[in-house]
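Asker: TSV, C-alpha atoms, saved as final-v9.tsv, coming up:
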```
chain	number	residue	atom	x	y	z
F	65	SER	CA	-17.97	224.25	-6.56
F	66	GLY	CA	-14.92	222.90	-8.38
F	67	ARG	CA	-15.23	220.96	-11.60
F	68	LEU	CA	-13.05	218.13	-12.81
F	69	VAL	CA	-12.11	217.73	-16.45
F	70	TYR	CA	-11.47	214.42	-18.20
F	71	ALA	CA	-8.72	214.18	-20.80
F	72	SER	CA	-10.17	214.07	-24.29
F	73	ALA	CA	-9.12	215.37	-27.68
F	74	ARG	CA	-12.76	215.96	-28.55
F	75	SER	CA	-14.61	217.11	-25.46
F	76	SER	CA	-14.54	217.30	-21.67
F	77	TRP	CA	-16.91	215.90	-19.09
F	78	PRO	CA	-17.63	217.70	-15.79
F	79	LEU	CA	-17.59	215.97	-12.43
F	80	LYS	CA	-18.55	217.87	-9.27
F	81	ALA	CA	-16.79	216.67	-6.15
F	82	THR	CA	-17.55	216.97	-2.47
F	83	LEU	CA	-14.93	218.51	-0.21
F	84	HIS	CA	-14.52	215.42	1.93
F	85	MET	CA	-11.03	215.20	3.44
F	86	HIS	CA	-8.99	211.99	3.46
F	87	LEU	CA	-6.88	210.96	6.40
F	88	SER	CA	-3.93	212.10	4.29
F	89	ASN	CA	-5.52	215.59	4.24
F	90	THR	CA	-5.86	215.48	0.46
F	91	PRO	CA	-9.17	216.96	-0.69
F	92	LEU	CA	-11.36	214.48	-2.54
F	93	MET	CA	-11.67	216.91	-5.41
F	94	SER	CA	-7.91	216.89	-5.96
F	95	ALA	CA	-7.61	213.10	-5.71
F	96	ALA	CA	-10.62	212.49	-7.96
F	97	SER	CA	-9.30	215.00	-10.49
F	98	LYS	CA	-6.04	213.08	-10.74
F	99	LEU	CA	-7.98	209.86	-11.27
F	100	ALA	CA	-10.37	211.32	-13.84
F	101	GLY	CA	-7.73	213.22	-15.77
F	102	LYS	CA	-6.39	210.06	-17.39
F	103	LEU	CA	-9.71	208.86	-18.82
F	104	ARG	CA	-10.39	209.08	-22.53
F	105	LEU	CA	-13.99	207.98	-22.05
F	106	PRO	CA	-16.07	208.39	-18.84
F	107	CYS	CA	-16.30	204.66	-18.26
F	108	ILE	CA	-15.27	202.09	-15.66
F	109	GLY	CA	-14.93	198.45	-16.64
F	110	ALA	CA	-16.82	196.57	-13.93
F	111	PRO	CA	-15.00	193.85	-11.96
F	112	LEU	CA	-16.18	190.46	-13.21
F	113	PHE	CA	-15.91	187.41	-10.96
F	114	ILE	CA	-13.50	184.88	-12.55
F	115	VAL	CA	-13.60	186.77	-15.89
F	116	SER	CA	-11.49	189.81	-14.96
F	117	THR	CA	-7.75	189.12	-14.75
F	118	PRO	CA	-4.66	191.30	-15.37
F	119	ASP	CA	-4.91	190.70	-19.14
F	120	LEU	CA	-8.31	192.39	-19.33
F	121	VAL	CA	-7.55	195.09	-16.75
F	122	ILE	CA	-4.34	196.14	-18.52
F	123	ALA	CA	-6.05	196.22	-21.92
F	124	GLN	CA	-8.90	198.37	-20.57
F	125	CYS	CA	-6.53	200.81	-18.88
F	126	LYS	CA	-4.35	201.13	-21.99
F	127	ALA	CA	-7.50	201.88	-23.99
F	128	GLY	CA	-8.34	204.77	-21.66
F	129	ILE	CA	-10.98	203.49	-19.26
F	130	VAL	CA	-10.66	202.24	-15.69
F	131	GLY	CA	-10.01	198.50	-15.66
F	132	SER	CA	-10.89	196.54	-12.54
F	133	PHE	CA	-10.91	193.05	-11.08
F	134	PRO	CA	-12.22	191.37	-7.90
F	135	ALA	CA	-9.42	190.67	-5.42
F	136	LEU	CA	-10.93	187.21	-4.99
F	137	ASN	CA	-10.07	186.35	-8.60
F	138	ALA	CA	-6.41	186.07	-7.59
F	139	ARG	CA	-6.06	182.52	-6.26
F	140	PRO	CA	-4.37	181.52	-4.05
F	141	LYS	CA	-4.42	184.77	-2.12
F	142	ASP	CA	-0.67	185.37	-2.46
F	143	LYS	CA	-1.18	185.73	-6.22
F	144	LEU	CA	-2.89	189.08	-5.59
F	145	ASP	CA	0.49	190.67	-4.89
F	146	GLU	CA	1.84	189.24	-8.16
F	147	TRP	CA	-1.14	190.60	-10.09
F	148	LEU	CA	-0.75	194.08	-8.63
F	149	VAL	CA	2.97	194.15	-9.40
F	150	ARG	CA	2.31	193.09	-13.00
F	151	ILE	CA	-0.50	195.59	-13.57
F	152	LYS	CA	1.49	198.50	-12.14
F	153	SER	CA	4.62	197.49	-14.07
F	154	GLU	CA	2.96	197.08	-17.46
F	155	LEU	CA	0.95	200.29	-17.13
F	156	ALA	CA	4.10	202.18	-16.13
F	157	GLU	CA	5.89	200.79	-19.20
F	158	HIS	CA	2.97	201.87	-21.36
F	159	ASP	CA	3.03	205.38	-19.91
F	160	ALA	CA	6.76	205.69	-20.56
F	161	ALA	CA	6.30	204.62	-24.17
F	162	HIS	CA	3.14	206.69	-24.74
F	163	PRO	CA	3.48	209.92	-22.76
F	164	ASP	CA	0.74	211.59	-24.80
F	165	SER	CA	-1.81	208.85	-24.09
F	166	PRO	CA	-1.12	207.43	-20.62
F	167	ALA	CA	-3.08	204.47	-19.31
F	168	ALA	CA	-6.15	205.03	-17.17
F	169	PRO	CA	-5.96	204.08	-13.47
F	170	PHE	CA	-6.98	200.60	-12.36
F	171	ALA	CA	-9.29	199.46	-9.58
F	172	VAL	CA	-9.64	196.46	-7.27
F	173	ASN	CA	-13.00	195.19	-6.03
F	174	GLN	CA	-13.21	194.12	-2.39
F	175	ILE	CA	-16.12	191.97	-1.20
F	176	VAL	CA	-16.83	193.28	2.31
F	177	HIS	CA	-19.31	190.50	3.14
F	178	ARG	CA	-18.68	188.98	6.58
F	179	SER	CA	-17.93	185.56	5.05
F	180	ASN	CA	-14.90	186.88	3.14
F	181	ASP	CA	-12.04	185.70	5.34
F	182	ARG	CA	-9.51	187.13	2.85
F	183	LEU	CA	-10.62	190.73	3.24
F	184	MET	CA	-7.88	191.93	5.60
F	185	HIS	CA	-5.15	190.17	3.61
F	186	ASP	CA	-6.39	191.62	0.34
F	187	LEU	CA	-6.89	195.06	1.84
F	188	GLU	CA	-3.29	195.08	3.07
F	189	ALA	CA	-2.13	194.30	-0.47
F	190	CYS	CA	-4.15	197.22	-1.83
F	191	VAL	CA	-2.62	199.56	0.73
F	192	LYS	CA	0.89	198.24	0.05
F	193	HIS	CA	0.53	198.87	-3.68
F	194	GLU	CA	-1.51	202.05	-3.26
F	195	VAL	CA	-4.30	200.94	-5.57
F	196	PRO	CA	-5.81	204.17	-6.98
F	197	LEU	CA	-9.44	203.07	-6.71
F	198	VAL	CA	-11.06	200.39	-4.57
F	199	ILE	CA	-14.62	199.29	-5.31
F	200	THR	CA	-16.43	197.85	-2.30
F	201	SER	CA	-19.43	195.52	-2.48
F	202	LEU	CA	-21.83	193.73	-0.15
F	203	GLY	CA	-21.08	195.81	2.91
F	204	ALA	CA	-19.68	199.25	3.81
F	205	ARG	CA	-17.06	199.54	6.56
F	206	GLU	CA	-15.36	202.63	7.92
F	207	ASP	CA	-12.09	200.83	8.64
F	208	VAL	CA	-11.83	199.63	5.05
F	209	ASN	CA	-12.42	203.14	3.73
F	210	GLN	CA	-9.92	204.62	6.17
F	211	ALA	CA	-7.24	202.16	5.07
F	212	ILE	CA	-7.63	203.22	1.42
F	213	HIS	CA	-7.79	206.91	2.34
F	214	SER	CA	-4.53	206.58	4.31
F	215	TYR	CA	-2.51	206.83	1.09
F	216	GLY	CA	-4.94	209.04	-0.86
F	217	GLY	CA	-6.86	206.26	-2.62
F	218	LEU	CA	-10.53	206.53	-3.51
F	219	VAL	CA	-13.37	204.20	-2.50
F	220	PHE	CA	-16.47	203.74	-4.66
F	221	HIS	CA	-19.25	201.60	-3.19
F	222	ASP	CA	-21.89	199.80	-5.26
F	223	VAL	CA	-25.54	200.03	-4.16
F	224	ILE	CA	-28.96	199.07	-5.48
F	225	ASN	CA	-30.99	201.80	-3.76
F	226	ASN	CA	-30.77	205.24	-2.17
F	227	HIS	CA	-30.82	203.87	1.39
F	228	PHE	CA	-27.61	201.92	0.90
F	229	ALA	CA	-26.04	204.87	-0.92
F	230	LYS	CA	-26.54	207.07	2.13
F	231	LYS	CA	-25.11	204.41	4.44
F	232	ALA	CA	-22.03	204.06	2.23
F	233	VAL	CA	-21.30	207.79	2.21
F	234	GLN	CA	-21.90	208.05	5.95
F	235	LYS	CA	-19.20	205.41	6.43
F	236	GLY	CA	-16.73	207.30	4.27
F	237	ALA	CA	-17.17	206.16	0.66
F	238	ASP	CA	-16.01	208.79	-1.84
F	239	GLY	CA	-18.18	207.70	-4.73
F	240	ILE	CA	-21.32	205.70	-5.43
F	241	ILE	CA	-21.97	203.05	-8.08
F	242	ALA	CA	-25.71	202.97	-8.69
F	243	VAL	CA	-26.58	199.45	-9.86
F	244	ALA	CA	-29.92	199.82	-11.63
F	245	ALA	CA	-32.27	197.34	-13.29
F	246	GLY	CA	-30.75	195.25	-16.05
F	247	ALA	CA	-27.19	195.19	-14.71
F	248	GLY	CA	-25.18	191.99	-14.81
F	249	GLY	CA	-24.35	190.06	-11.67
F	250	HIS	CA	-26.07	191.11	-8.43
F	251	ALA	CA	-28.40	193.75	-9.85
F	252	GLY	CA	-31.15	195.94	-8.47
F	253	THR	CA	-34.65	196.52	-9.77
F	254	LEU	CA	-34.91	200.32	-9.81
F	255	SER	CA	-35.05	202.42	-12.96
F	256	PRO	CA	-31.82	204.35	-13.55
F	257	PHE	CA	-33.93	207.51	-13.93
F	258	ALA	CA	-35.31	207.09	-10.41
F	259	LEU	CA	-32.13	205.83	-8.76
F	260	VAL	CA	-29.78	208.53	-10.08
F	261	SER	CA	-32.33	211.27	-9.40
F	262	GLU	CA	-32.79	210.23	-5.78
F	263	ILE	CA	-29.05	210.00	-5.12
F	264	ARG	CA	-28.34	213.34	-6.79
F	265	GLU	CA	-30.84	215.08	-4.49
F	266	TRP	CA	-28.25	214.90	-1.69
F	267	PHE	CA	-24.96	213.59	-3.12
F	268	ASP	CA	-22.66	215.81	-5.18
F	269	GLY	CA	-19.70	213.42	-5.39
F	270	PRO	CA	-18.57	210.92	-8.03
F	271	LEU	CA	-21.50	208.83	-9.26
F	272	CYS	CA	-21.33	205.83	-11.59
F	273	LEU	CA	-24.32	204.21	-13.27
F	274	SER	CA	-24.57	200.50	-13.99
F	275	GLY	CA	-27.30	198.68	-15.88
F	276	SER	CA	-27.54	197.59	-19.54
F	277	ILE	CA	-24.91	200.06	-20.79
F	278	ALA	CA	-23.06	198.58	-23.78
F	279	THR	CA	-22.90	201.47	-26.27
F	280	GLY	CA	-21.33	204.90	-26.48
F	281	SER	CA	-24.78	206.47	-26.58
F	282	GLY	CA	-25.52	204.63	-23.34
F	283	VAL	CA	-22.44	206.22	-21.78
F	284	LEU	CA	-23.71	209.67	-22.81
F	285	ALA	CA	-27.20	208.82	-21.53
F	286	ALA	CA	-25.74	207.96	-18.12
F	287	GLN	CA	-24.19	211.43	-18.01
F	288	ALA	CA	-27.44	213.05	-19.12
F	289	LEU	CA	-29.17	211.42	-16.16
F	290	GLY	CA	-26.62	212.93	-13.79
F	291	ALA	CA	-23.97	210.25	-13.47
F	292	ASP	CA	-20.29	210.98	-14.04
F	293	PHE	CA	-19.21	207.55	-15.24
F	294	ALA	CA	-20.82	204.62	-17.02
F	295	TYR	CA	-20.07	201.30	-15.30
F	296	MET	CA	-19.90	198.52	-17.88
F	297	GLY	CA	-19.20	194.82	-17.49
F	298	SER	CA	-21.05	192.44	-19.79
F	299	ALA	CA	-19.65	193.91	-23.01
F	300	PHE	CA	-16.15	192.95	-21.87
F	301	ILE	CA	-17.03	189.32	-21.20
F	302	ALA	CA	-17.09	188.99	-24.98
F	303	SER	CA	-13.50	190.24	-25.26
F	304	ALA	CA	-10.40	188.34	-26.32
F	305	GLU	CA	-8.73	189.11	-22.97
F	306	ALA	CA	-11.62	187.92	-20.79
F	307	ASN	CA	-11.07	184.75	-18.76
F	308	ALA	CA	-14.30	183.16	-19.98
F	309	GLN	CA	-15.16	180.07	-21.94
F	310	ASP	CA	-15.58	180.56	-25.68
F	311	ALA	CA	-19.13	179.23	-25.35
F	312	TYR	CA	-19.86	181.93	-22.74
F	313	LYS	CA	-18.57	184.66	-25.04
F	314	GLN	CA	-20.49	183.32	-28.02
F	315	SER	CA	-23.69	183.07	-25.99
F	316	ILE	CA	-23.41	186.78	-25.19
F	317	VAL	CA	-22.96	187.58	-28.89
F	318	GLU	CA	-26.01	185.49	-29.82
F	319	SER	CA	-28.33	186.58	-26.99
F	320	VAL	CA	-30.54	189.63	-26.38
F	321	ALA	CA	-32.21	191.25	-23.38
F	322	ALA	CA	-35.08	188.74	-23.40
F	323	ASP	CA	-32.54	185.98	-22.75
F	324	ILE	CA	-31.64	187.37	-19.32
F	325	VAL	CA	-33.22	185.78	-16.22
F	326	TYR	CA	-33.36	187.52	-12.82
F	327	SER	CA	-33.03	184.99	-10.00
F	328	SER	CA	-31.75	184.59	-6.43
F	329	LEU	CA	-31.37	180.80	-6.70
F	330	PHE	CA	-27.69	180.63	-7.48
F	331	THR	CA	-26.12	182.85	-4.80
F	332	GLY	CA	-28.97	183.82	-2.47
F	333	VAL	CA	-29.00	187.38	-3.85
F	334	HIS	CA	-30.91	188.34	-7.00
F	335	GLY	CA	-28.80	188.57	-10.13
F	336	ASN	CA	-29.11	188.41	-13.90
F	337	TYR	CA	-28.10	185.28	-15.81
F	338	LEU	CA	-28.10	183.97	-19.37
F	339	ARG	CA	-31.16	181.81	-20.06
F	340	PRO	CA	-29.31	179.32	-22.33
F	341	SER	CA	-26.83	178.48	-19.55
F	342	ILE	CA	-29.67	177.84	-17.10
F	343	MET	CA	-31.37	175.51	-19.58
F	344	ALA	CA	-28.07	173.73	-20.28
F	345	ALA	CA	-27.85	172.98	-16.55
F	346	GLY	CA	-31.18	171.16	-16.74
F	347	LEU	CA	-33.21	173.91	-15.02
F	348	ASP	CA	-36.40	175.66	-16.10
F	349	PRO	CA	-35.59	179.40	-16.30
F	350	ASP	CA	-39.26	180.27	-15.84
F	351	ASN	CA	-39.73	178.20	-12.70
F	352	LEU	CA	-36.68	178.72	-10.50
F	353	PRO	CA	-37.09	178.52	-6.71
F	354	GLU	CA	-35.89	181.36	-4.50
F	355	GLY	CA	-32.36	181.18	-3.12
F	356	ASP	CA	-31.28	181.52	0.52
F	357	VAL	CA	-29.28	184.68	1.27
F	358	THR	CA	-27.86	183.07	4.42
F	359	GLN	CA	-25.98	180.60	2.23
F	360	MET	CA	-23.89	183.30	0.55
F	361	ASP	CA	-20.26	182.36	1.23
F	362	PHE	CA	-17.06	184.10	0.16
F	363	GLY	CA	-14.90	182.15	2.59
F	364	SER	CA	-11.36	181.61	1.28
F	365	GLY	CA	-12.21	183.49	-1.88
F	366	GLY	CA	-15.59	182.01	-2.70
F	367	ASN	CA	-16.45	178.79	-4.47
F	368	THR	CA	-15.34	178.87	-8.11
F	369	ASP	CA	-16.83	175.42	-8.59
F	370	ALA	CA	-20.33	176.62	-7.70
F	371	LYS	CA	-22.95	176.36	-10.42
F	372	ALA	CA	-23.72	180.06	-10.18
F	373	TRP	CA	-20.34	180.94	-11.64
F	374	LYS	CA	-19.10	177.89	-13.53
F	375	ASP	CA	-22.21	176.55	-15.24
F	376	ILE	CA	-24.64	179.47	-14.92
F	377	TRP	CA	-23.37	182.56	-16.71
F	378	GLY	CA	-24.02	186.04	-15.32
F	379	CYS	CA	-24.82	188.83	-17.74
F	380	GLY	CA	-26.72	192.13	-18.04
F	381	GLN	CA	-29.55	193.09	-20.37
F	382	GLY	CA	-27.45	195.30	-22.66
F	383	ILE	CA	-25.96	192.41	-24.62
F	384	GLY	CA	-28.10	192.96	-27.73
F	385	ALA	CA	-25.53	195.58	-28.74
F	386	ILE	CA	-22.68	193.05	-28.66
F	387	LYS	CA	-22.30	191.58	-32.14
F	388	GLU	CA	-18.89	189.90	-32.00
F	389	VAL	CA	-15.99	188.91	-29.80
F	390	SER	CA	-13.40	191.72	-29.97
F	391	THR	CA	-10.36	192.87	-28.07
F	392	ALA	CA	-10.96	195.21	-25.16
F	393	GLY	CA	-9.20	197.96	-27.09
F	394	GLU	CA	-11.52	197.49	-30.07
F	395	ILE	CA	-14.56	197.62	-27.77
F	396	VAL	CA	-13.40	200.91	-26.25
F	397	GLU	CA	-12.69	202.38	-29.70
F	398	ARG	CA	-16.23	201.43	-30.76
F	399	LEU	CA	-17.63	203.06	-27.63
F	400	LYS	CA	-15.62	206.23	-28.24
F	401	GLY	CA	-16.91	206.49	-31.81
F	402	GLU	CA	-20.49	205.89	-30.73
F	403	TYR	CA	-20.10	208.42	-27.92
F	404	ALA	CA	-18.85	211.12	-30.31
F	405	ALA	CA	-21.71	210.39	-32.73
F	406	ALA	CA	-24.26	210.50	-29.90
F	407	VAL	CA	-22.90	213.87	-28.73
F	408	ALA	CA	-23.32	215.30	-32.23
F	409	GLU	CA	-26.79	213.82	-32.65
F	410	SER	CA	-27.93	215.09	-29.26
F	411	ARG	CA	-26.77	218.60	-30.10
F	412	ALA	CA	-28.73	218.51	-33.32
F	413	ALA	CA	-31.82	217.09	-31.62
F	414	THR	CA	-31.81	219.45	-28.65
F	415	GLY	CA	-30.61	222.60	-30.37
F	416	ARG	CA	-34.11	223.87	-31.05
F	417	PHE	CA	-34.98	223.63	-27.35
F	418	VAL	CA	-31.78	225.07	-25.87
F	419	PRO	CA	-30.77	228.65	-26.70
```
Could you rewrite the structure in this file as C-alpha cells?

Answerer:
Amino acid sequence: SGRLVYASARSSWPLKATLHMHLSNTPLMSAASKLAGKLRLPCIGAPLFIVSTPDLVIAQCKAGIVGSFPALNARPKDKLDEWLVRIKSELAEHDAAHPDSPAAPFAVNQIVHRSNDRLMHDLEACVKHEVPLVITSLGAREDVNQAIHSYGGLVFHDVINNHFAKKAVQKGADGIIAVAAGAGGHAGTLSPFALVSEIREWFDGPLCLSGSIATGSGVLAAQALGADFAYMGSAFIASAEANAQDAYKQSIVESVAADIVYSSLFTGVHGNYLRPSIMAAGLDPDNLPEGDVTQMDFGSGGNTDAKAWKDIWGCGQGIGAIKEVSTAGEIVERLKGEYAAAVAESRAATGRFVP
C-alpha cells in the first residue's frame, strides 16, 4: 500500500490510505497526501462551538496544524462566505511570504443533524470555496460527502464507537475521527485503546483520535495506538485567539481532569463540562438530571444563548497540562517540542526491546 509523508524537518509520520475514488476520479491517497504534506505536526485543531473563529483557525494553520471551525459559528449565515474568503486570503498571503513553511490546510465542521436548517446553505459555501477538509458530525449523509468529493475535498466524520465508524465509511467518509473517553464537547465513553483497535481491524484510511490530548507526548501516543492524527480542542480554548470569555480561559488553566463533569442535561447528548461553571449556574454537578435527546436543536444555527454554551463551559479531561493562556502559535510550538522529546524518550525506552 502507499504511504503518505508529513512535512517535517525532524521526522516523518506514515499514513496508509484506502484507494477510494472521489467523484472527481482523484484517488483518496493522492488527495490525502496533498493535505498531509503541509502539516508540521500530525494534529488537527478541533472545531469549537462559538470559540473557533477565523482568528484561531488562521493562527493554527500558520503554525502548521489543521485549523477548523463549525460553519454554525458564522452568524448570520451569509457571514460564512466572508469568513472563508478571509481565511483563504490570509493563508495565501502567508504562503507567498513564507514559501518554505506554508500554512496547513483548514477545515469546516458541518452539523448534519436533521434540525440544522442551514446545512445546504453552508454546504454550498464549502463547495464554492473548495474547502480542503470538511468534518461532519451528528449524522452521515452520502449527498453531503458527494458534494465535497465533487471538487476533490476530503470528509472526516466524528464517531464515538465502531458501529458509527462503519456507517460513516459506508456512506462515503474518507476519514474517521474517533472520539474517545475524556474528549471535550459531545464525547464517548470508550477507551482510546479499544476504540482505535476496533476501527483499525477493518479501516486502513485516515484516522484521528480525540480525547484528553493536550501534550506532544499525547500526540505521539495517539500515533502509537494506530491513529494518524491527534484531534485537539480544549488546549486551544485557552489561547489568545479563542473567542471565549477570559473567565472561561482562566478556568481551564486552573482546572484538572477531576473538574470535568460528564452530563447529557445541557444538550440532550452526553458531553464533558467544567465543574466550576456548572456550580456558578446554581446546579449541583453531582446530581444533574438526564437530558432529552429529542430537544437537540440546531435550527438557524443553534441557540447561542442556551446555558449549555453560554454559561456552562465545555472542556475535555486533558486540561491539567494547560498552565497558561498562550497564543495558538505558542501552543503548537510547545507541542512540537514535547513531541520531539517524546520521540527521543520512546526510542531510548523501547530500544532494548526492538532490534

Asker: Of the residues F:Phe300, F:Phe220, F:Phe257, F:Phe170, which is the one nearest to F:Arg150, using only C-alpha atoms?

Answerer: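 Ranked by minimum distance to F:Arg150, first place goes to F:Phe170.
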
Asker: Which value, in Å to one decimal, gives the distance between atom CA of F:Ser328 and atom CA of F:Glu354?

Answerer: 5.6 Å

Asker: Taking the point (-31.6, 195.8, -14.4) as given in the file, collect each protein or nucleic acid residue that comes within 9 Å of it, counting only C-alpha atoms, and present the set as a list in words.

Answerer: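 I get Val243, Ala244, Ala245, Gly246, Ala247, Gly248, Ala251, Gly252, Thr253, Leu254, Ser255, Pro256, Ser274, Gly275, Ser276, Tyr326, Gly335, Asn336, Gly380 and Gln381 of chain F for the residues within 9 Å of that point.
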
Asker: Provide the atom CA of F:Gln309 to atom CA of F:Ala138 distance in Å, to one decimal place.

Answerer: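 If I compute the distance from atom CA of F:Gln309 to atom CA of F:Ala138, I get 17.8 Å.
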
Asker: Between F:Leu338, F:Gly236, F:Lys126, F:Leu347, which residue has the minimum interatomic distance to F:Ala161, considering all atoms listed in the file?

Answerer: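 The closest residue to F:Ala161 is F:Lys126.
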
Asker: If you count all atoms listed in the file, which residues fall within 9 Å of stretch 182-194 of chain F, apart from same-chain ones fewer than 3 positions away, as a list in words?

Answerer: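 Once the nearby chain positions are removed, what remains is Ala135, Leu136, Lys141, Asp142, Leu144, Asp145, Leu148, Val149, Lys152, Val172, Gln174, Ile175, Val176, His177, Arg178, Ser179, Leu197, Val198, Val208, Ala211, Ile212, Ser214, Tyr215, Gly216, Gly217, Phe362, Gly363, Ser364 and Gly365 of chain F.
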
Asker: Just want the 10 Å neighbourhood of F:Ala229, counted on only C-alpha atoms, with same-chain residues fewer than 2 positions away dropped. Output as JSON, numbers by chain.

Answerer: {"F": [204, 221, 222, 223, 224, 225, 226, 227, 231, 232, 233, 234, 237, 239, 240, 241, 242, 259, 262, 263, 267]}

Asker: Considering all atoms listed in the file, state which residue in the set F:Gly290, F:Gly280, F:Pro196, F:Pro118 is at the smallest distance from F:Glu397.

Answerer: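 Of all the options, F:Gly280 lies closest to F:Glu397.
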
Asker: Choose the residue, out of F:Gly378, F:Gly128, F:Pro140, F:Pro134, that has the smallest atom-to-atom separation from F:Pro166; count all atoms listed in the file.

Answerer: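 For F:Pro166, the nearest of the given residues is F:Gly128.
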
Asker: Nearest to F:Gly282 among F:Ala127, F:Leu112, F:Val407, F:Ala258, with distances taken over all atoms listed in the file: which residue is it?

Answerer: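 Closest candidate: F:Val407.
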
Asker: Rounded to one decimal, what separation in Å do you get between atom CA of F:Val320 and atom CA of F:Met343?

Answerer: 15.7 Å

Asker: Write out as a PDB file with C-alpha atoms, keeping the file's coordinate frame which residues come within 8 Å of F:Arg339 when counting all atoms listed in the file, dropping same-chain ones fewer than 5 positions away.

Answerer:
```pdb
ATOM      1  CA  ASP F 323     -32.540 185.980 -22.750  1.00  0.00           C
ATOM      2  CA  ILE F 324     -31.640 187.370 -19.320  1.00  0.00           C
ATOM      3  CA  VAL F 325     -33.220 185.780 -16.220  1.00  0.00           C
ATOM      4  CA  PRO F 349     -35.590 179.400 -16.300  1.00  0.00           C
TER       5      PRO F 349
END
```

Asker: Point out the residue among F:Glu318, F:Glu402, F:Asp350, F:Asp159 with the least atom-to-atom distance to F:Ile386, counting all atoms listed in the file.

Answerer: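 Counting all atoms listed in the file, the residue closest to F:Ile386 is F:Glu318.
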
Asker: Using all atoms listed in the file and a cutoff of 9 Å, can you tell me which residues are near (-8.8, 191.8, -16.6) in the file's coordinates, and write them out as a compact mmCIF listing (two decimals) with C-alpha atoms, in the frame of the given file?

Answerer:
```txt
# COMPACT_ATOMS: atom_id res chain seq x y z
CA PRO F 111 -15.00 193.85 -11.96
CA LEU F 112 -16.18 190.46 -13.21
CA VAL F 115 -13.60 186.77 -15.89
CA SER F 116 -11.49 189.81 -14.96
CA THR F 117 -7.75 189.12 -14.75
CA PRO F 118 -4.66 191.30 -15.37
CA ASP F 119 -4.91 190.70 -19.14
CA LEU F 120 -8.31 192.39 -19.33
CA VAL F 121 -7.55 195.09 -16.75
CA ILE F 122 -4.34 196.14 -18.52
CA ALA F 123 -6.05 196.22 -21.92
CA GLN F 124 -8.90 198.37 -20.57
CA GLY F 131 -10.01 198.50 -15.66
CA SER F 132 -10.89 196.54 -12.54
CA PHE F 133 -10.91 193.05 -11.08
CA GLU F 305 -8.73 189.11 -22.97
CA ALA F 306 -11.62 187.92 -20.79
CA ASN F 307 -11.07 184.75 -18.76
```

Asker: Would you pick out the contacts of F:Lys313 at 8 Å or less, using all atoms listed in the file, so that residues sharing its chain but fewer than 3 positions from it are not included, and give the list as a PyMOL selection string?

Answerer: chain F and resi 301-303+308-310+316-317+389

Asker: Set up a box along x, y and z of the file covering all listed atoms of stretch 176-187 of chain F, add 6 Å on every one of the six sides, and write the centre and edge lengths in Å to one decimal, as lines of an AutoDock Vina configuration file.

Answerer:
```
center_x = -12.2
center_y = 190.3
center_z = 3.5
size_x = 26.2
size_y = 21.5
size_z = 18.2
```
